[in-house]
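Okay, upload_1.tsv now, which holds TSV, C-alpha atoms:
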chain	number	residue	atom	x	y	z
A	1	MET	CA	-28.63	-27.55	74.38
A	2	LYS	CA	-28.50	-26.05	77.89
A	3	LYS	CA	-24.71	-26.41	77.95
A	4	LEU	CA	-24.45	-24.76	74.52
A	5	VAL	CA	-26.58	-21.79	75.58
A	6	LYS	CA	-24.39	-21.24	78.65
A	7	HIS	CA	-21.18	-21.51	76.61
A	8	PRO	CA	-19.35	-18.15	76.95
A	9	LEU	CA	-18.73	-17.87	73.22
A	10	PHE	CA	-22.36	-18.64	72.38
A	11	ALA	CA	-23.87	-16.36	75.02
A	12	GLY	CA	-21.50	-13.48	74.35
A	13	SER	CA	-21.69	-13.92	70.60
A	14	PHE	CA	-25.50	-13.94	70.71
A	15	ILE	CA	-25.57	-10.55	72.43
A	16	MET	CA	-22.81	-9.16	70.23
A	17	LEU	CA	-24.29	-10.55	67.03
A	18	ALA	CA	-27.77	-9.26	67.84
A	19	GLY	CA	-26.49	-5.84	68.84
A	20	SER	CA	-23.94	-5.65	66.06
A	21	ASN	CA	-26.53	-6.66	63.48
A	22	LEU	CA	-28.71	-3.80	64.66
A	23	TYR	CA	-25.68	-1.54	64.44
A	24	ASN	CA	-24.80	-2.89	60.99
A	25	PHE	CA	-28.38	-2.34	59.89
A	26	GLY	CA	-28.03	1.23	61.09
A	27	GLN	CA	-24.80	1.48	59.12
A	28	PHE	CA	-26.59	0.06	56.10
A	29	VAL	CA	-29.31	2.72	56.34
A	30	TYR	CA	-26.67	5.36	57.06
A	31	HIS	CA	-24.70	4.60	53.90
A	32	PHE	CA	-27.92	4.12	51.96
A	33	LEU	CA	-29.06	7.63	52.80
A	34	THR	CA	-25.67	9.33	52.46
A	35	GLY	CA	-25.03	7.54	49.17
A	36	ARG	CA	-28.44	8.51	47.77
A	37	LEU	CA	-28.40	12.07	49.06
A	38	LEU	CA	-24.78	12.91	48.23
A	39	GLY	CA	-24.61	11.19	44.82
A	40	THR	CA	-21.70	9.42	43.16
A	41	SER	CA	-19.15	12.23	43.27
A	42	LEU	CA	-19.70	13.55	46.79
A	43	TYR	CA	-20.21	10.13	48.36
A	44	GLY	CA	-16.65	9.24	47.35
A	45	GLU	CA	-15.47	12.29	49.28
A	46	PHE	CA	-17.38	11.25	52.40
A	47	ALA	CA	-16.03	7.71	52.07
A	48	SER	CA	-12.55	9.26	52.12
A	49	VAL	CA	-13.37	10.92	55.45
A	50	ILE	CA	-14.39	7.55	56.86
A	51	SER	CA	-11.20	5.96	55.51
A	52	VAL	CA	-8.99	8.61	57.12
A	53	LEU	CA	-10.80	8.01	60.42
A	54	GLY	CA	-10.15	4.30	60.00
A	55	PHE	CA	-6.43	4.88	59.55
A	56	ILE	CA	-6.23	7.09	62.63
A	57	GLY	CA	-8.33	4.60	64.55
A	58	VAL	CA	-5.54	2.05	64.26
A	59	ILE	CA	-3.82	3.78	67.19
A	60	GLN	CA	-6.96	3.42	69.26
A	61	LEU	CA	-7.39	-0.16	68.06
A	62	SER	CA	-4.01	-1.13	69.46
A	63	LEU	CA	-4.94	0.46	72.77
A	64	SER	CA	-8.32	-1.29	72.73
A	65	LEU	CA	-6.92	-4.82	72.55
A	66	THR	CA	-4.40	-3.94	75.25
A	67	VAL	CA	-7.23	-2.69	77.47
A	68	VAL	CA	-9.30	-5.81	76.84
A	69	LYS	CA	-6.40	-8.13	77.61
A	70	PHE	CA	-5.25	-6.49	80.82
A	71	ILE	CA	-8.73	-5.92	82.24
A	72	ALA	CA	-9.75	-9.50	81.41
A	73	VAL	CA	-6.97	-10.95	83.56
A	74	GLU	CA	-7.70	-8.75	86.61
A	75	LYS	CA	-9.54	-10.45	89.47
A	76	LYS	CA	-10.04	-7.79	92.17
A	77	GLN	CA	-12.70	-5.12	91.69
A	78	LYS	CA	-10.55	-2.33	93.14
A	79	ASP	CA	-7.78	-3.13	90.64
A	80	ILE	CA	-10.28	-3.09	87.78
A	81	ASP	CA	-11.64	0.30	88.91
A	82	ASN	CA	-8.17	1.80	89.24
A	83	ILE	CA	-6.92	0.62	85.88
A	84	THR	CA	-10.16	1.88	84.31
A	85	LYS	CA	-9.54	5.40	85.63
A	86	TRP	CA	-5.94	5.41	84.42
A	87	ILE	CA	-6.91	4.06	80.99
A	88	PHE	CA	-9.44	6.85	80.54
A	89	TRP	CA	-6.84	9.45	81.47
A	90	TRP	CA	-4.27	8.00	79.06
A	91	SER	CA	-6.93	7.83	76.32
A	92	PHE	CA	-7.69	11.53	76.87
A	93	LEU	CA	-4.04	12.49	76.44
A	94	ILE	CA	-3.42	10.30	73.39
A	95	GLY	CA	-6.64	11.43	71.72
A	96	ALA	CA	-5.66	15.08	72.20
A	97	VAL	CA	-2.20	14.56	70.70
A	98	VAL	CA	-3.50	12.64	67.68
A	99	SER	CA	-6.25	15.23	67.07
A	100	LEU	CA	-3.71	18.05	67.02
A	101	GLY	CA	-1.56	16.05	64.62
A	102	LEU	CA	-4.53	15.60	62.30
A	103	LEU	CA	-5.25	19.32	62.48
A	104	ALA	CA	-1.73	20.04	61.26
A	105	LEU	CA	-2.01	17.51	58.43
A	106	SER	CA	-5.54	18.42	57.31
A	107	PRO	CA	-4.49	20.81	54.49
A	108	PHE	CA	-2.23	18.13	52.95
A	109	LEU	CA	-4.88	15.40	53.27
A	110	SER	CA	-7.57	17.62	51.75
A	111	ASN	CA	-5.32	18.31	48.77
A	112	PHE	CA	-4.16	14.69	48.28
A	113	LEU	CA	-7.71	13.33	48.40
A	114	LYS	CA	-9.01	16.20	46.24
A	115	PHE	CA	-11.66	17.36	48.72
A	116	GLN	CA	-14.14	19.87	47.38
A	117	ASP	CA	-15.01	21.01	50.94
A	118	SER	CA	-12.05	21.07	53.34
A	119	ARG	CA	-14.34	21.80	56.32
A	120	ALA	CA	-15.15	18.09	56.58
A	121	MET	CA	-11.50	17.34	57.33
A	122	LEU	CA	-11.48	19.99	60.07
A	123	VAL	CA	-14.58	18.48	61.70
A	124	LEU	CA	-12.77	15.15	61.70
A	125	VAL	CA	-10.35	16.58	64.31
A	126	PRO	CA	-12.83	16.55	67.24
A	127	VAL	CA	-14.33	13.33	65.85
A	128	VAL	CA	-10.98	11.62	66.42
A	129	PHE	CA	-10.74	12.89	70.00
A	130	PHE	CA	-14.19	11.63	71.05
A	131	PHE	CA	-13.64	8.47	69.02
A	132	PHE	CA	-10.65	7.61	71.21
A	133	MET	CA	-12.60	8.09	74.42
A	134	ALA	CA	-15.75	6.25	73.32
A	135	ASN	CA	-13.87	3.27	71.95
A	136	THR	CA	-11.79	3.03	75.12
A	137	ALA	CA	-15.04	2.62	77.04
A	138	ARG	CA	-16.16	-0.12	74.65
A	139	SER	CA	-12.89	-1.95	75.26
A	140	ILE	CA	-13.41	-1.81	79.00
A	141	PHE	CA	-16.88	-3.34	78.61
A	142	GLN	CA	-15.39	-6.03	76.39
A	143	GLY	CA	-12.69	-6.86	78.93
A	144	LEU	CA	-15.32	-7.07	81.67
A	145	LEU	CA	-17.43	-9.32	79.40
A	146	LYS	CA	-20.27	-6.76	79.67
A	147	PHE	CA	-21.34	-7.14	76.08
A	148	GLY	CA	-24.76	-5.55	76.67
A	149	SER	CA	-23.13	-2.25	77.63
A	150	PHE	CA	-20.80	-2.57	74.64
A	151	VAL	CA	-23.81	-2.86	72.35
A	152	ALA	CA	-25.63	0.05	74.02
A	153	VAL	CA	-22.74	2.39	73.21
A	154	LEU	CA	-22.67	1.21	69.59
A	155	LEU	CA	-26.40	1.69	69.05
A	156	SER	CA	-26.49	5.17	70.60
A	157	GLU	CA	-23.82	6.32	68.15
A	158	SER	CA	-25.59	4.74	65.19
A	159	ALA	CA	-29.01	6.27	65.94
A	160	VAL	CA	-27.76	9.82	66.49
A	161	LYS	CA	-25.42	10.02	63.50
A	162	LEU	CA	-28.04	8.50	61.20
A	163	ILE	CA	-30.73	10.99	62.13
A	164	LEU	CA	-28.55	14.10	62.35
A	165	SER	CA	-26.48	13.40	59.21
A	166	THR	CA	-29.64	12.93	57.16
A	167	ILE	CA	-31.13	16.18	58.42
A	168	LEU	CA	-27.96	18.18	57.76
A	169	ILE	CA	-27.50	16.78	54.26
A	170	LEU	CA	-31.14	17.59	53.42
A	171	LEU	CA	-30.54	21.12	54.69
A	172	GLY	CA	-27.77	21.48	52.12
A	173	PHE	CA	-24.64	20.94	54.24
A	174	SER	CA	-23.49	18.01	52.06
A	175	VAL	CA	-20.30	16.16	53.16
A	176	PHE	CA	-19.71	18.70	55.92
A	177	GLY	CA	-23.15	17.95	57.36
A	178	ALA	CA	-22.58	14.20	57.22
A	179	THR	CA	-19.30	14.62	59.10
A	180	VAL	CA	-20.94	16.81	61.76
A	181	GLY	CA	-23.58	14.10	62.23
A	182	LEU	CA	-20.77	11.59	62.76
A	183	LEU	CA	-19.18	13.89	65.34
A	184	VAL	CA	-22.35	14.29	67.40
A	185	GLY	CA	-23.11	10.57	67.21
A	186	ILE	CA	-19.73	9.62	68.64
A	187	PHE	CA	-20.00	12.30	71.35
A	188	VAL	CA	-23.39	11.00	72.48
A	189	SER	CA	-22.05	7.43	72.58
A	190	LEU	CA	-19.25	8.68	74.87
A	191	LEU	CA	-21.82	10.17	77.24
A	192	VAL	CA	-23.72	6.87	77.33
A	193	ALA	CA	-20.49	4.95	77.98
A	194	TYR	CA	-19.47	7.29	80.79
A	195	PHE	CA	-22.86	6.85	82.45
A	196	LEU	CA	-22.61	3.05	82.29
A	197	LEU	CA	-19.06	3.15	83.71
A	198	ARG	CA	-19.78	5.72	86.41
A	199	GLU	CA	-19.27	3.23	89.27
A	200	HIS	CA	-15.84	2.26	87.95
A	201	LEU	CA	-14.83	5.88	87.39
A	202	ALA	CA	-16.02	7.26	90.75
A	203	GLY	CA	-13.30	8.62	93.02
A	204	GLY	CA	-9.70	9.52	92.33
A	205	ARG	CA	-7.00	7.48	90.68
A	206	GLY	CA	-4.88	5.23	92.87
A	207	GLY	CA	-1.34	4.08	92.23
A	208	ARG	CA	-0.36	3.96	88.59
A	209	PRO	CA	-0.49	0.42	87.19
A	210	ASP	CA	2.67	-1.15	85.84
A	211	ILE	CA	2.57	-0.03	82.22
A	212	ALA	CA	5.65	-1.94	81.03
A	213	PRO	CA	3.70	-5.13	80.14
A	214	MET	CA	1.05	-2.98	78.45
A	215	LEU	CA	3.60	-1.17	76.33
A	216	ARG	CA	5.25	-4.43	75.29
A	217	PHE	CA	1.89	-5.75	74.18
A	218	THR	CA	0.66	-2.49	72.63
A	219	GLY	CA	3.54	-2.32	70.14
A	220	PRO	CA	2.76	-5.56	68.29
A	221	VAL	CA	-0.99	-4.88	68.51
A	222	PHE	CA	-0.42	-1.45	66.98
A	223	VAL	CA	1.47	-3.04	64.09
A	224	GLN	CA	-1.35	-5.52	63.53
A	225	GLY	CA	-4.00	-2.81	63.75
A	226	LEU	CA	-2.08	-0.59	61.32
A	227	ALA	CA	-1.71	-3.46	58.87
A	228	LEU	CA	-5.38	-4.47	59.19
A	229	THR	CA	-6.65	-0.93	58.70
A	230	SER	CA	-4.29	-0.48	55.77
A	231	MET	CA	-5.62	-3.61	54.08
A	232	TYR	CA	-9.25	-2.50	54.08
A	233	THR	CA	-8.67	1.20	53.41
A	234	THR	CA	-5.49	1.68	51.34
A	235	ASP	CA	-7.01	0.16	48.22
A	236	PHE	CA	-9.83	2.71	48.30
A	237	LEU	CA	-7.50	5.65	48.99
A	238	LEU	CA	-5.33	4.61	46.05
A	239	VAL	CA	-8.42	4.31	43.86
A	240	LYS	CA	-9.45	7.79	45.00
A	241	HIS	CA	-6.00	9.01	43.95
A	242	PHE	CA	-5.67	7.18	40.61
A	243	PHE	CA	-9.26	7.06	39.33
A	244	SER	CA	-12.04	9.53	38.60
A	245	PRO	CA	-14.48	10.66	41.34
A	246	HIS	CA	-17.21	8.53	39.74
A	247	ALA	CA	-15.03	5.39	39.71
A	248	ALA	CA	-13.94	6.07	43.29
A	249	SER	CA	-17.57	6.30	44.38
A	250	ILE	CA	-18.35	3.00	42.66
A	251	TYR	CA	-15.39	1.36	44.39
A	252	GLY	CA	-16.32	2.96	47.72
A	253	SER	CA	-19.86	1.58	47.51
A	254	LEU	CA	-18.56	-1.93	46.76
A	255	ALA	CA	-16.05	-1.67	49.61
A	256	VAL	CA	-18.83	-0.79	52.07
A	257	LEU	CA	-20.86	-3.80	50.95
A	258	GLY	CA	-17.76	-5.98	51.17
A	259	ARG	CA	-17.14	-4.85	54.73
A	260	VAL	CA	-20.46	-6.39	55.69
A	261	VAL	CA	-18.56	-9.69	55.61
A	262	PHE	CA	-15.67	-8.44	57.75
A	263	PHE	CA	-17.72	-6.57	60.32
A	264	GLY	CA	-20.31	-9.33	60.34
A	265	THR	CA	-17.68	-11.72	61.72
A	266	SER	CA	-15.96	-9.20	64.00
A	267	PRO	CA	-18.43	-9.69	66.92
A	268	ILE	CA	-17.31	-13.32	67.10
A	269	THR	CA	-13.67	-12.20	67.26
A	270	GLN	CA	-14.51	-9.57	69.87
A	271	VAL	CA	-16.05	-12.23	72.11
A	272	MET	CA	-13.34	-14.82	71.45
A	273	PHE	CA	-10.43	-12.53	72.39
A	274	PRO	CA	-11.29	-11.78	76.05
A	275	VAL	CA	-12.65	-15.30	76.66
A	276	VAL	CA	-9.48	-16.98	75.32
A	277	THR	CA	-7.34	-14.48	77.22
A	278	LYS	CA	-9.09	-15.33	80.49
A	279	LYS	CA	-8.99	-19.09	79.87
A	280	TYR	CA	-5.32	-19.06	78.87
A	281	SER	CA	-4.30	-16.94	81.88
A	282	HIS	CA	-6.13	-19.39	84.18
A	283	GLY	CA	-4.56	-22.46	82.58
A	284	GLU	CA	-7.82	-23.73	81.06
A	285	LYS	CA	-8.38	-25.29	77.62
A	286	TYR	CA	-9.01	-22.69	74.96
A	287	HIS	CA	-8.43	-24.13	71.46
A	288	ASN	CA	-12.08	-25.13	71.09
A	289	MET	CA	-12.97	-21.42	71.27
A	290	LEU	CA	-10.87	-20.76	68.19
A	291	PHE	CA	-12.22	-23.69	66.19
A	292	LEU	CA	-15.85	-22.80	66.93
A	293	SER	CA	-15.18	-19.13	66.09
A	294	LEU	CA	-13.55	-20.02	62.76
A	295	ILE	CA	-16.47	-22.26	61.78
A	296	LEU	CA	-19.02	-19.53	62.55
A	297	ALA	CA	-17.02	-16.83	60.76
A	298	ALA	CA	-16.24	-18.94	57.67
A	299	SER	CA	-19.88	-19.98	57.32
A	300	PHE	CA	-21.11	-16.38	57.45
A	301	SER	CA	-18.43	-15.18	55.01
A	302	LEU	CA	-19.20	-17.92	52.51
A	303	PHE	CA	-22.93	-17.24	52.64
A	304	VAL	CA	-22.58	-13.50	51.97
A	305	THR	CA	-19.96	-13.95	49.24
A	306	VAL	CA	-22.13	-16.47	47.39
A	307	PHE	CA	-25.08	-14.10	47.74
A	308	TYR	CA	-23.02	-11.29	46.21
A	309	PHE	CA	-22.02	-13.59	43.35
A	310	VAL	CA	-25.56	-14.76	42.57
A	311	VAL	CA	-27.50	-11.49	42.96
A	312	PRO	CA	-24.99	-8.60	42.98
A	313	ASN	CA	-27.47	-6.03	41.65
A	314	PHE	CA	-29.90	-6.41	44.55
A	315	PRO	CA	-27.74	-5.08	47.44
A	316	ILE	CA	-26.32	-2.28	45.26
A	317	ILE	CA	-29.72	-1.04	44.10
A	318	VAL	CA	-31.21	-1.27	47.58
A	319	LEU	CA	-28.34	0.58	49.22
A	320	TYR	CA	-27.16	3.01	46.55
A	321	GLY	CA	-29.38	2.91	43.48
A	322	SER	CA	-28.93	1.98	39.84
A	323	GLU	CA	-26.26	4.64	39.20
A	324	PHE	CA	-23.83	2.52	41.25
A	325	LEU	CA	-24.40	-0.70	39.25
A	326	GLY	CA	-21.19	-0.24	37.26
A	327	GLY	CA	-19.29	-2.46	39.67
A	328	ALA	CA	-21.91	-5.17	40.20
A	329	SER	CA	-19.91	-7.87	38.39
A	330	ILE	CA	-17.00	-7.59	40.85
A	331	LEU	CA	-18.96	-7.27	44.10
A	332	TRP	CA	-18.29	-10.89	45.04
A	333	TRP	CA	-14.54	-10.20	44.92
A	334	PHE	CA	-15.06	-7.73	47.77
A	335	GLY	CA	-16.94	-10.35	49.76
A	336	LEU	CA	-14.12	-12.83	49.19
A	337	PHE	CA	-11.46	-10.29	50.16
A	338	MET	CA	-13.21	-9.29	53.38
A	339	GLY	CA	-13.95	-12.92	54.25
A	340	LEU	CA	-10.28	-13.86	53.97
A	341	LEU	CA	-9.28	-10.74	55.89
A	342	GLY	CA	-11.78	-11.48	58.65
A	343	LEU	CA	-10.47	-15.02	59.14
A	344	ALA	CA	-6.89	-13.72	59.13
A	345	ASN	CA	-7.79	-11.12	61.74
A	346	MET	CA	-9.44	-13.78	63.92
A	347	LEU	CA	-6.39	-16.03	63.80
A	348	THR	CA	-4.07	-13.13	64.58
A	349	GLN	CA	-6.12	-12.01	67.56
A	350	PHE	CA	-6.18	-15.58	68.81
A	351	TYR	CA	-2.38	-15.66	68.73
A	352	LEU	CA	-2.24	-12.27	70.47
A	353	SER	CA	-4.62	-13.42	73.20
A	354	VAL	CA	-2.13	-16.12	74.21
A	355	GLY	CA	0.92	-13.87	73.94
A	356	LYS	CA	2.24	-14.85	70.49
A	357	THR	CA	3.02	-11.34	69.26
A	358	LYS	CA	5.63	-11.88	66.53
A	359	VAL	CA	2.92	-13.21	64.22
A	360	VAL	CA	1.88	-9.59	63.51
A	361	LEU	CA	4.84	-9.38	61.13
A	362	LEU	CA	2.88	-11.60	58.74
A	363	PHE	CA	0.06	-9.06	58.74
A	364	LEU	CA	2.46	-6.18	58.16
A	365	SER	CA	4.08	-8.02	55.24
A	366	ALA	CA	0.69	-8.67	53.64
A	367	ALA	CA	-0.29	-4.99	53.97
A	368	ILE	CA	2.93	-3.90	52.26
A	369	LEU	CA	2.38	-6.52	49.56
A	370	GLN	CA	-1.11	-5.15	48.90
A	371	ILE	CA	0.16	-1.58	48.47
A	372	ILE	CA	2.88	-2.72	46.05
A	373	LEU	CA	0.50	-4.88	44.02
A	374	VAL	CA	-2.21	-2.19	43.76
A	375	TRP	CA	0.31	0.54	42.94
A	376	MET	CA	1.76	-1.57	40.12
A	377	ASN	CA	-1.55	-3.04	38.89
A	378	HIS	CA	-4.47	-0.61	38.81
A	379	THR	CA	-5.64	-0.80	35.22
A	380	SER	CA	-9.23	-1.34	36.40
A	381	LEU	CA	-11.31	-1.56	39.57
A	382	GLU	CA	-11.42	-5.33	39.16
A	383	THR	CA	-7.62	-5.52	39.04
A	384	VAL	CA	-7.35	-3.47	42.24
A	385	ILE	CA	-9.65	-5.75	44.25
A	386	GLN	CA	-7.98	-8.88	42.85
A	387	MET	CA	-4.62	-7.62	44.10
A	388	SER	CA	-6.20	-7.23	47.54
A	389	VAL	CA	-7.60	-10.76	47.42
A	390	ILE	CA	-4.15	-12.15	46.61
A	391	SER	CA	-2.64	-10.28	49.55
A	392	ALA	CA	-5.30	-11.55	51.99
A	393	ALA	CA	-5.01	-15.13	50.72
A	394	VAL	CA	-1.23	-15.12	51.21
A	395	LEU	CA	-1.71	-13.73	54.72
A	396	LEU	CA	-4.28	-16.35	55.73
A	397	ALA	CA	-2.11	-19.16	54.37
A	398	GLY	CA	0.84	-17.93	56.45
A	399	LEU	CA	-1.24	-17.71	59.62
A	400	VAL	CA	-2.64	-21.21	59.17
A	401	ALA	CA	0.87	-22.57	58.54
A	402	TYR	CA	2.01	-21.01	61.84
A	403	PHE	CA	-0.63	-22.80	63.93
A	404	PRO	CA	1.30	-26.07	64.62
A	405	PHE	CA	4.25	-24.04	65.87
A	406	HIS	CA	2.00	-21.95	68.06
A	407	ASP	CA	0.43	-25.09	69.48
A	408	HIS	CA	3.80	-26.53	70.40
A	409	LYS	CA	4.99	-23.29	71.99
A	410	ALA	CA	1.71	-22.77	73.87
A	411	LYS	CA	2.01	-26.20	75.49
A	412	SER	CA	5.62	-25.65	76.45
A	413	ASP	CA	4.81	-22.20	77.89
A	414	ARG	CA	2.34	-23.75	80.27

Is it possible to give me this structure as structure tokens?
Amino acid sequence: MKKLVKHPLFAGSFIMLAGSNLYNFGQFVYHFLTGRLLGTSLYGEFASVISVLGFIGVIQLSLSLTVVKFIAVEKKQKDIDNITKWIFWWSFLIGAVVSLGLLALSPFLSNFLKFQDSRAMLVLVPVVFFFFMANTARSIFQGLLKFGSFVAVLLSESAVKLILSTILILLGFSVFGATVGLLVGIFVSLLVAYFLLREHLAGGRGGRPDIAPMLRFTGPVFVQGLALTSMYTTDFLLVKHFFSPHAASIYGSLAVLGRVVFFGTSPITQVMFPVVTKKYSHGEKYHNMLFLSLILAASFSLFVTVFYFVVPNFPIIVLYGSEFLGGASILWWFGLFMGLLGLANMLTQFYLSVGKTKVVLLFLSAAILQIILVWMNHTSLETVIQMSVISAAVLLAGLVAYFPFHDHKAKSDR
């Protein structure tokens, strides 16, 4: 038992799971209040804002895994401090460029998604900028295996956006108010992150690190992040385009509940990635980390999916109310989809942690397959989610089939 408690996956996962569950509970309350206060039509519009942020966040996601990987392998404190300063500077520049790009595209996006209040899309511009900076800090904590600081940043964002969004919606600012609450929450989390990293950021930048290895790794990670984000957001955006606002809100509520499965397993993946990276770079055994992570993630996914199948009305009524019960019969499909996607993401990040980058092409293929299937088969909300399940199942099967080849190559590499 003592050995298990000291196991890096167990210890890190315990902190991440505890903190992430608090964060997820905050997210639960957040969507509960926004869903109840905005109603079925306006909640679909706010869910679109979140989906657009998710798509843009794929750029930051690719940078995050790169940061985690290259900080995890550093050994000297002065090298860690220097790369931290440079990463923050690069994040500032990239965040500014992406924010300006979003500003230029905001009229088109507002029209395509049929926004009733285009101000929410404008507020999303500074949200993206601070999002880049705050998530960069989280990645640094993850690479340093400082999971307590990682959790502190998460919880500060959750508390502020929950309180402020609720107040602004009650004051009559609707979707715009909810988006402003999101903006302030992310900004506060950045301030907390900067305070916790102040020792690493003190002083000027030294010599620029060799970015060539980072760029070579960032490309495949970007592809994987784009494909992953596409798979859990494109279906909703297509529903928002093809279906009525009421149907889109129903689908959006089910998607949020389904993501409980995916984001419930993500802390395990977030711990596994830097630990496997460090073990692999030091020539230590690492496969047991993957097997233990898969068992934990699969068990959680199965439990939630079965719960959604047996009592689908309960989570919908608690979170959104009886007016969202129209999709109760298909809720378990969302749990299944997100469970398969979570396991696929875990396997992919495992391969990335040991330098097997070409596997991201499987993820990209599955994302394209999902778009094609949903575009051609969207007669009902149930059909849309079933197309997503097929895509995720094909992806997971391909990743599992690749494992023996990875194992052979990993041994030969060492």

Using all atoms listed in the file, I'd like a table of the residues in segment 13-49 of chain A that come within 10 Å of segment 304-324 of chain A; for each, show the closest atom pair and its distance in Å rounded to one decimal, ordered by chain and ascending number, as a tab-separated table.
residue	atom	partner	partner_atom	distance
A:Phe28	CA	A:Leu319	CA	7.1
A:Val29	CA	A:Leu319	CA	7.5
A:Tyr30	CA	A:Leu319	CA	9.3
A:His31	CA	A:Leu319	CA	7.2
A:Phe32	CA	A:Leu319	CA	4.5
A:Leu33	CA	A:Leu319	CA	7.9
A:Thr34	CA	A:Tyr320	CA	8.8
A:Gly35	CA	A:Tyr320	CA	5.6
A:Arg36	CA	A:Tyr320	CA	5.8
A:Leu37	CA	A:Tyr320	CA	9.5
A:Gly39	CA	A:Tyr320	CA	8.7
A:Thr40	CA	A:Phe324	CA	7.5

Near segment 70-89 of chain A, 12 Å: segment 323-400 of chain A residue rows, closest pairs, all atoms listed in the file, as a Markdown table:
| residue | atom | partner | partner_atom | distance |
| --- | --- | --- | --- | --- |
| A:Ser353 | CA | A:Phe70 | CA | 10.3 |
| A:Val354 | CA | A:Val73 | CA | 11.7 |
| A:Gly355 | CA | A:Phe70 | CA | 11.8 |

Pick the closest to Leu399 of chain A from A:Phe141, A:Val360, A:Pro245, A:Gln386: which is it, counting only C-alpha atoms?
A:Val360

Measuring atom to atom with all atoms listed in the file, identify which of A:Leu302, A:Ala255, A:Val271, A:Ala344 is nearest to Ile385 of chain A.
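Ranking A:Leu302, A:Ala255, A:Val271, A:Ala344 by distance to Ile385 of chain A, first place goes to A:Ala255.
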
Between A:Gly335, A:Gly177, A:Gly283, A:Gly203, smallest distance to Ala298 of chain A by only C-alpha atoms belongs to A:Gly335

Restricting the calculation to only C-alpha atoms: of A:Trp90, A:Leu395, A:Val374, A:Thr265, which residue gets closest to Pro209 of chain A?
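Closest residue, counting only C-alpha atoms: A:Trp90.
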
Work out how far apart atom CA of Leu296 of chain A and atom CA of Thr269 of chain A are and give it in Å to one decimal.
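Interatomic distance here is 10.2 Å.
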
Measuring between all atoms listed in the file, which one of A:Leu168, A:Ile295, A:Leu238, A:Leu65 shows the shortest distance to Gln370 of chain A?
A:Leu238

Nearest candidate to Val67 of chain A (options A:Pro404, A:Gly19, A:Gly44, A:Pro274; using only C-alpha atoms):
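Counting only C-alpha atoms, the residue closest to Val67 of chain A is A:Pro274.
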
From atom CA of Ser380 of chain A to atom CA of Ser244 of chain A the spacing works out at 11.4 Å

For atom CA of Met387 of chain A and atom CA of Leu340 of chain A, determine how far apart the two atoms are, in Å to one decimal place.
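Here the two named atoms are 13.0 Å from each other.
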
At a cut-off of 9 Å around the point (0.2, -13.4, 62.8) (file coordinates), what residues fall inside when counting all atoms listed in the file? I'd like the answer as a list of chain:residue names.
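Output: A:Gln224, A:Ala344, A:Asn345, A:Leu347, A:Thr348, A:Gln349, A:Tyr351, A:Leu352, A:Lys356, A:Thr357, A:Lys358, A:Val359, A:Val360, A:Leu361, A:Leu362, A:Phe363, A:Leu364, A:Leu395, A:Leu396, A:Gly398, A:Leu399, A:Tyr402.
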
When you look at Tyr232 of chain A with a cut-off of 12 Å (counting only C-alpha atoms), what residues show up, excluding the ones that are within fewer than 4 positions of it in the same chain? I need them as a ChimeraX atom specification.
/A:50-52,54-55,58,225-228,236-238,252,254-256,258-263,334-335,337-342,345,366-367,370-371,385,388-389,391-392

Contacts of Ser293 of chain A at 12 Å or less, counting all atoms listed in the file, minus same-chain residues fewer than 2 places along, as a ChimeraX atom specification?
/A:8-10,12-13,265-273,275-276,286-291,295-300,342-343,345-347,349-350
